[in-house]
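Printed here is entry.cif (mmCIF, C-alpha atoms and all ligand atoms):
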```cif
data_query
loop_
_atom_site.group_PDB
_atom_site.id
_atom_site.type_symbol
_atom_site.label_atom_id
_atom_site.label_comp_id
_atom_site.auth_asym_id
_atom_site.auth_seq_id
_atom_site.Cartn_x
_atom_site.Cartn_y
_atom_site.Cartn_z
ATOM 1 C CA MET A 787 0.000 0.000 0.000
ATOM 2 C CA ALA A 788 1.373 3.399 -0.971
ATOM 3 C CA LYS A 789 2.308 5.722 1.816
ATOM 4 C CA PRO A 790 0.247 8.909 1.849
ATOM 5 C CA ARG A 791 2.328 11.982 1.061
ATOM 6 C CA PRO A 792 3.201 13.898 4.242
ATOM 7 C CA PRO A 793 0.898 16.944 4.394
ATOM 8 C CA THR A 794 3.794 19.147 5.562
ATOM 9 C CA ARG A 795 5.527 18.638 2.220
ATOM 10 C CA ILE A 796 2.413 19.607 0.268
ATOM 11 C CA ALA A 797 2.033 22.718 2.438
ATOM 12 C CA LEU A 798 5.682 23.626 1.872
ATOM 13 C CA ALA A 799 5.257 23.226 -1.894
ATOM 14 C CA LEU A 800 2.197 25.504 -1.863
ATOM 15 C CA VAL A 801 4.075 28.119 0.158
ATOM 16 C CA LEU A 802 7.003 28.045 -2.295
ATOM 17 C CA VAL A 803 4.647 28.486 -5.263
ATOM 18 C CA ALA A 804 2.950 31.409 -3.506
ATOM 19 C CA VAL A 805 6.296 33.052 -2.659
ATOM 20 C CA GLY A 806 7.445 32.648 -6.271
ATOM 21 C CA ALA A 807 4.259 34.242 -7.607
ATOM 22 C CA VAL A 808 4.520 37.191 -5.211
ATOM 23 C CA ALA A 809 8.198 37.727 -6.084
ATOM 24 C CA SER A 810 7.411 37.752 -9.836
ATOM 25 C CA VAL A 811 4.570 40.235 -9.419
ATOM 26 C CA SER A 812 6.747 42.423 -7.163
ATOM 27 C CA VAL A 813 9.517 42.720 -9.771
ATOM 28 C CA TYR A 814 6.925 43.504 -12.454
ATOM 29 C CA LEU A 815 5.376 46.257 -10.318
ATOM 30 C CA LEU A 816 8.824 47.793 -9.691
ATOM 31 C CA LEU A 817 9.473 48.307 -13.389
ATOM 32 C CA PRO A 818 8.694 51.743 -14.846
ATOM 33 C CA SER A 819 6.087 51.374 -17.568
ATOM 34 C CA SER A 820 5.151 54.928 -18.562
ATOM 35 C CA VAL A 821 8.418 55.873 -20.283
ATOM 36 C CA ALA A 822 10.060 53.906 -23.069
ATOM 37 C CA VAL A 823 13.521 52.569 -22.290
ATOM 38 C CA SER A 824 15.915 53.386 -25.146
ATOM 39 C CA SER A 825 18.740 51.012 -24.349
ATOM 40 C CA ASN A 826 20.208 48.648 -21.794
ATOM 41 C CA VAL A 827 23.706 48.923 -20.340
ATOM 42 C CA THR A 828 25.307 46.171 -18.258
ATOM 43 C CA LEU A 829 28.349 46.949 -16.119
ATOM 44 C CA THR A 830 30.334 44.230 -14.364
ATOM 45 C CA ILE A 831 32.688 44.599 -11.405
ATOM 46 C CA VAL A 832 35.282 41.862 -11.746
ATOM 47 C CA ARG A 833 38.836 41.015 -10.806
ATOM 48 C CA ALA A 834 41.036 41.092 -13.864
ATOM 49 C CA PRO A 835 43.384 38.110 -14.296
ATOM 50 C CA GLY A 836 46.478 38.737 -12.189
ATOM 51 C CA ALA A 837 45.000 41.810 -10.488
ATOM 52 C CA SER A 838 44.568 42.034 -6.720
ATOM 53 C CA THR A 839 41.628 44.448 -6.756
ATOM 54 C CA TYR A 840 38.234 44.508 -8.404
ATOM 55 C CA GLY A 841 37.091 47.079 -10.905
ATOM 56 C CA PHE A 842 34.473 47.912 -13.511
ATOM 57 C CA ALA A 843 35.166 46.020 -16.739
ATOM 58 C CA GLN A 844 33.689 48.858 -18.858
ATOM 59 C CA PRO A 845 35.765 52.049 -18.392
ATOM 60 C CA THR A 846 33.999 53.878 -21.257
ATOM 61 C CA ILE A 847 30.220 54.002 -21.173
ATOM 62 C CA THR A 848 28.207 55.519 -24.025
ATOM 63 C CA VAL A 849 24.453 56.125 -23.746
ATOM 64 C CA PRO A 850 21.912 57.898 -25.988
ATOM 65 C CA ALA A 851 20.849 61.471 -25.170
ATOM 66 C CA GLY A 852 17.381 62.526 -24.103
ATOM 67 C CA THR A 853 16.042 59.097 -23.167
ATOM 68 C CA LEU A 854 15.618 56.682 -20.298
ATOM 69 C CA VAL A 855 18.479 54.191 -20.091
ATOM 70 C CA HIS A 856 18.219 50.935 -18.150
ATOM 71 C CA PHE A 857 21.386 49.934 -16.271
ATOM 72 C CA THR A 858 22.370 46.631 -14.698
ATOM 73 C CA ILE A 859 25.479 46.373 -12.490
ATOM 74 C CA VAL A 860 26.778 42.890 -11.634
ATOM 75 C CA ASN A 861 29.282 42.847 -8.749
ATOM 76 C CA TYR A 862 31.569 39.864 -8.096
ATOM 77 C CA ASP A 863 33.534 41.675 -5.335
ATOM 78 C CA PRO A 864 32.659 40.116 -1.939
ATOM 79 C CA SER A 865 34.138 43.064 0.023
ATOM 80 C CA ALA A 866 32.254 45.987 1.578
ATOM 81 C CA HIS A 867 34.709 48.859 1.101
ATOM 82 C CA GLY A 868 32.388 51.478 2.591
ATOM 83 C CA THR A 869 31.738 55.034 1.486
ATOM 84 C CA SER A 870 30.866 58.392 3.022
ATOM 85 C CA THR A 871 27.394 58.947 4.472
ATOM 86 C CA ALA A 872 26.761 61.513 1.726
ATOM 87 C CA MET A 873 27.409 58.890 -0.973
ATOM 88 C CA ALA A 874 25.435 56.071 0.669
ATOM 89 C CA GLY A 875 22.101 57.292 -0.695
ATOM 90 C CA THR A 876 20.681 56.676 -4.166
ATOM 91 C CA MET A 877 20.476 59.933 -6.143
ATOM 92 C CA GLY A 878 19.562 61.037 -9.635
ATOM 93 C CA THR A 879 17.938 57.812 -10.863
ATOM 94 C CA TRP A 880 14.419 57.437 -12.258
ATOM 95 C CA MET A 881 12.089 57.735 -9.221
ATOM 96 C CA GLY A 882 15.167 58.249 -6.998
ATOM 97 C CA ARG A 883 15.502 54.536 -6.444
ATOM 98 C CA GLU A 884 17.415 51.440 -7.438
ATOM 99 C CA MET A 885 16.612 47.740 -7.328
ATOM 100 C CA VAL A 886 19.070 45.490 -5.477
ATOM 101 C CA ASP A 887 19.590 41.718 -5.435
ATOM 102 C CA TYR A 888 22.057 41.006 -2.628
ATOM 103 C CA GLY A 889 23.057 37.765 -4.348
ATOM 104 C CA ASN A 890 20.242 35.464 -3.270
ATOM 105 C CA GLY A 891 17.791 36.035 -6.126
ATOM 106 C CA THR A 892 15.425 38.422 -4.326
ATOM 107 C CA TRP A 893 14.980 42.000 -5.582
ATOM 108 C CA TRP A 894 14.554 44.906 -3.193
ATOM 109 C CA ASN A 895 13.557 48.457 -4.015
ATOM 110 C CA VAL A 896 15.991 50.701 -2.104
ATOM 111 C CA SER A 897 17.051 54.350 -1.929
ATOM 112 C CA GLY A 898 20.420 53.704 -0.328
ATOM 113 C CA MET A 899 22.132 51.460 2.210
ATOM 114 C CA PRO A 900 24.325 51.860 5.303
ATOM 115 C CA ALA A 901 27.615 53.545 4.306
ATOM 116 C CA GLY A 902 29.648 50.669 5.725
ATOM 117 C CA ALA A 903 27.687 48.099 3.677
ATOM 118 C CA VAL A 904 28.577 49.633 0.291
ATOM 119 C CA SER A 905 30.960 47.667 -1.927
ATOM 120 C CA HIS A 906 31.209 50.195 -4.797
ATOM 121 C CA THR A 907 29.297 53.195 -6.110
ATOM 122 C CA PHE A 908 28.571 54.353 -9.649
ATOM 123 C CA SER A 909 28.537 58.144 -9.639
ATOM 124 C CA VAL A 910 28.274 60.921 -12.251
ATOM 125 C CA THR A 911 28.337 64.355 -10.638
ATOM 126 C CA SER A 912 28.838 66.802 -13.504
ATOM 127 C CA GLY A 913 26.988 67.988 -16.594
ATOM 128 C CA GLY A 914 23.729 68.439 -14.713
ATOM 129 C CA TYR A 915 23.819 64.924 -13.282
ATOM 130 C CA ASP A 916 23.663 64.124 -9.595
ATOM 131 C CA LEU A 917 23.798 60.377 -10.082
ATOM 132 C CA ASN A 918 24.848 58.075 -7.280
ATOM 133 C CA VAL A 919 24.076 54.348 -7.191
ATOM 134 C CA VAL A 920 25.280 52.101 -4.375
ATOM 135 C CA VAL A 921 26.316 48.488 -5.001
ATOM 136 C CA PRO A 922 26.382 45.864 -2.216
ATOM 137 C CA PRO A 923 29.061 43.139 -2.025
ATOM 138 C CA ALA A 924 28.633 39.793 -3.781
ATOM 139 C CA ALA A 925 27.064 37.140 -1.581
ATOM 140 C CA SER A 926 29.863 34.732 -2.495
ATOM 141 C CA ALA A 927 32.224 34.096 -5.384
ATOM 142 C CA GLY A 928 29.483 32.254 -7.255
ATOM 143 C CA HIS A 929 26.610 34.588 -6.486
ATOM 144 C CA PRO A 930 27.256 38.219 -7.500
ATOM 145 C CA SER A 931 25.050 41.015 -6.245
ATOM 146 C CA GLU A 932 23.060 42.895 -8.867
ATOM 147 C CA VAL A 933 21.692 46.429 -9.129
ATOM 148 C CA GLN A 934 19.196 47.801 -11.654
ATOM 149 C CA PHE A 935 18.303 51.449 -12.173
ATOM 150 C CA TRP A 936 16.931 53.752 -14.833
ATOM 151 C CA LEU A 937 18.650 57.023 -15.769
ATOM 152 C CA PRO A 938 16.961 59.891 -17.637
ATOM 153 C CA THR A 939 19.697 61.363 -19.891
ATOM 154 C CA HIS A 940 20.054 65.011 -20.969
ATOM 155 C CA GLY A 941 21.754 66.427 -24.075
ATOM 156 C CA ALA A 942 24.999 65.244 -25.613
ATOM 157 C CA ALA A 943 28.034 65.578 -23.321
ATOM 158 C CA ASP A 944 31.392 63.946 -22.593
ATOM 159 C CA LEU A 945 31.542 63.430 -18.834
ATOM 160 C CA GLY A 946 33.250 61.141 -16.343
ATOM 161 C CA TRP A 947 31.998 58.483 -13.935
ATOM 162 C CA THR A 948 33.704 57.395 -10.744
ATOM 163 C CA CYS A 949 33.380 55.001 -7.831
ATOM 164 C CA ASP A 950 33.306 56.741 -4.458
ATOM 165 C CA ALA A 951 33.842 53.719 -2.237
ATOM 166 C CA ASP A 952 36.580 54.698 0.174
ATOM 167 C CA GLY A 953 37.965 51.568 1.779
ATOM 168 C CA MET A 954 41.249 52.024 -0.081
ATOM 169 C CA ASN A 955 42.537 55.273 1.432
ATOM 170 C CA GLY A 956 40.045 57.283 -0.569
ATOM 171 C CA MET A 957 41.911 56.451 -3.766
ATOM 172 C CA MET A 958 39.533 53.953 -5.351
ATOM 173 C CA GLY A 959 38.726 56.422 -8.143
ATOM 174 C CA GLY A 960 42.392 56.458 -9.090
ATOM 175 C CA TYR A 961 42.799 52.841 -10.197
ATOM 176 C CA GLY A 962 43.159 53.457 -13.920
ATOM 177 C CA GLY A 963 39.959 52.830 -15.792
ATOM 178 C CA MET A 964 38.686 50.271 -13.302
ATOM 179 C CA MET A 965 37.115 52.667 -10.756
ATOM 180 C CA SER A 966 36.643 55.710 -12.987
ATOM 181 C CA GLY A 967 36.143 56.354 -16.674
ATOM 182 C CA ARG A 968 34.330 58.211 -19.416
ATOM 183 C CA PHE A 969 30.585 58.696 -19.447
ATOM 184 C CA ASP A 970 29.546 59.839 -22.922
ATOM 185 C CA ILE A 971 26.043 60.935 -23.834
ATOM 186 C CA ALA A 972 25.767 60.886 -27.627
HETATM 187 CU CU CU B 1001 34.893 50.918 -6.333
#
```
Please go through the file and, once you have read it, give me the structure as structure tokens.
Ligand SMILES: [Cu+2]
Amino acid sequence: MAKPRPPTRIALALVLVAVGAVASVSVYLLLPSSVAVSSNVTLTIVRAPGASTYGFAQPTITVPAGTLVHFTIVNYDPSAHGTSTAMAGTMGTWMGREMVDYGNGTWWNVSGMPAGAVSHTFSVTSGGYDLNVVVPPAASAGHPSEVQFWLPTHGAADLGWTCDADGMNGMMGGYGGMMSGRFDIA
């Protein structure tokens, strides 16, 4: 005679299905729908072969002018380098917010994080931009953290971006193209 399935397992399965459905709807509701997104840019923070520090793999970023650009930042750096309190808040993005996955597959809608919890920032503070996005550390080597945000762009300009994380004697923005670079609006 077949053993009846333990009811606790059925209940657990139902809970997991419900959680999955809620998570899917939540991400959908977080997406801006009223303005067309012109393009998608993905930035990755990686450790180059032979290098001892992490950095952005895309030193030159080019985006179209006068549109809404969707950004994704994927961070493989497990360290929280920290930043100043002033640079721990999300600024200048669409709706003043960013979406964060701390590396476990769940998206959160945030407007900043504790200064000491920041791994890197992505900041553009010239040309009429006051953009600051905070990136948390990777959960582990195999599970990077991810950030999504939307940026309304202005007219054509050749600007710079930098990372303002400060755990390296305030010099993180000085590591060649890895923690600073060009931000071109064309
Ligand atoms: Cu950095």
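Counting all atoms listed in the file, the residue from A:Gly841, A:Gly875, A:Gly891, A:Gly868 that sits nearest to Val919 of chain A is A:Gly875.
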**Request:** Please evaluate the PyMOL selection byres (((chain A and resi 907) around 9) and not hetatm) against the displayed coordinates and give the resulting residues as an MDAnalysis selection string.
**Result:** chainID A and resid 869 873:874 904:906 908:909 918:922 948:951
**Request:** List, as a PyMOL selection string, every residue that the PyMOL selection byres (((chain A and resi 888) around 9) and not hetatm) selects in the file provided.
**Result:** chain A and resi 886-887+889-894+921-925+929-933
**Asked** Once the PyMOL selection byres (((chain A and resi 830) around 9) and not hetatm) has been applied to the shown file, what residues remain in the selection, as a ChimeraX atom specification?
**Response** /A:828-829,831-832,841-844,858-862
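For the residues A:Gly902, A:Ala972, A:Leu917, A:His867, ranking by smallest atom-to-atom distance to Trp936 of chain A using only C-alpha atoms places A:Leu917 first.
Using only C-alpha atoms, the protein and nucleic acid residues lying no more than 10 Å from Thr879 of chain A, apart from those fewer than 3 places from it along its own chain, are Leu854, Val855, Thr876, Gly882, Arg883, Glu884, Ser897, Tyr915, Asp916, Leu917, Asn918, Val919, Phe935, Trp936, Leu937, Pro938 and Thr939 of chain A.
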Coordinates of box centre and edge lengths for segment 833-840 of chain A, 5 Å on every side, axis-aligned, as lines of an AutoDock Vina configuration file:
```
center_x = 42.4
center_y = 41.3
center_z = -10.5
size_x = 18.2
size_y = 16.4
size_z = 17.6
```
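Minimum atom-to-atom distance to Ser838 of chain A, evaluated using all atoms listed in the file, belongs to A:Asp863 out of A:Val823, A:Met885, A:Gly852, A:Asp863.
Non-sequential neighbours of Pro845 of chain A (distance at most 7 Å, separation of 3 or more positions within a chain, only C-alpha atoms) are Phe842, Gly963, Met964, Ser966, Gly967 and Arg968 of chain A.
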File dump, residues just selected, C-alpha atoms, as an mmCIF file, in the frame of the given file:
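Result file again06.cif:
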```
data_model
loop_
_atom_site.group_PDB
_atom_site.id
_atom_site.type_symbol
_atom_site.label_atom_id
_atom_site.label_comp_id
_atom_site.auth_asym_id
_atom_site.auth_seq_id
_atom_site.Cartn_x
_atom_site.Cartn_y
_atom_site.Cartn_z
ATOM 1 C CA PHE A 842 34.473 47.912 -13.511
ATOM 2 C CA GLY A 963 39.959 52.830 -15.792
ATOM 3 C CA MET A 964 38.686 50.271 -13.302
ATOM 4 C CA SER A 966 36.643 55.710 -12.987
ATOM 5 C CA GLY A 967 36.143 56.354 -16.674
ATOM 6 C CA ARG A 968 34.330 58.211 -19.416
#
```
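Taking only C-alpha atoms and all ligand atoms into account, ligand CU 1001 (chain B) lies nearest to A:Thr839 out of the set A:Thr839, A:Asp944, A:Asn826, A:Pro900.
Separating atom CA of Met965 of chain A from atom CA of Gly898 of chain A is a distance of 19.7 Å.
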